[in-house]
Amino acid sequence: MNSLHDFVSQLIDSGVELGKNILAAIAIYIIGRWLIKLVKKLVNKIMQRNKWEASIRSFVTSFINITLTVLLVIAVVGALGVETASFAALLASVGVAIGMALSGQLQNFAGGIIILFVKPYRLGDFIETQGLSGTVESIQMFQTVLTTTDNKTIFIPNGSLSNGTIINYSKQELRRVDWTVSIEYGEDFEKAKSVIAGILDADSRVMKDKTITIELGALADSSINLTVRAWVKGTDYWSVFFDFNKTVYSRFNEEKIGFPFPQITVHQA
């Protein structure tokens, strides 16, 4: 009877102790999450005050969040009564195993650091890489997030970006717009050239101090192709490109300049 009493008493004491540990772990987790948010907010303010680049702020914030979350997990496990030293050793062993299994992620982490220092792109830049293109939304520890023009989200590993080819359309202030304008054989080339020159001259977005090219580019199978080139601000690229096409179509119709269509000449024996 005494043994049963002792067992029940011990069981109650263990339950009370476990309950205290669980409550302590919950409290540590809640406070820890609050502190992580506070630290991230303070670090962000400091980086903004010192005018750090947005891409670096994004990377540092991601790194702090992951590091502090790991420390919080260790603290919570310790509050539950698990020996933190043995748990830390176990975590280190698991970390080594995971690191060997996921060695590519270490490459992605190193790639992220390289990107931050070399700066091939920044937040808000429009880039093209690996057959994909979009606006850089964030540069994280292991990946860069792009938003495409049709509002898709793309996650690209930093390792492949740091070792691959990147086209940054936002790096330079000015961009050259290229068009190919086709007219029928027999049309007056100089007249078409004059109309195109007038369209470009009337567009205030076209840089007049830069070379404007309007030349006969090719004598194709069914058309005479004019090569047209002009310089604009990077932000005006697409609007100028589409507006020019629309205006050329309208003006050529007014000037009775014919657009070509595929033709085949058949000689009957």
# chains A, B, ... in the order shown; residues from 1 in each chain; ligands from 1
$ residues_around --residues "Leu68 of chain A" --least-positions-apart "6" --cutoff "10 Å" --atoms "only C-alpha atoms" --output "list in words"
Gly32, Arg33, Leu35, Ile36, Lys37, Val39, Lys40 and Ile74 of chain A
$ residues_around --residues "Gln140 of chain A" --least-positions-apart "6" --cutoff "9 Å" --atoms "only C-alpha atoms" --output "list in words"
Ser55, Ser58, Phe59, Val60, Thr61, Ser62, Phe63, Phe109, Gly112 and Asn158 of chain A
$ select_by_dssp --residues "segment 14-195 of chain A" --states "strand (DSSP E or B)" --output "VMD selection string"
chain A and resid 126 to 129 132 to 139 143 to 147 153 to 157 166 to 168 174 to 183
$ atom_distance --atom1 "atom CA of Ile46 of chain A" --atom2 "atom CA of Thr67 of chain A"
18.7 Å
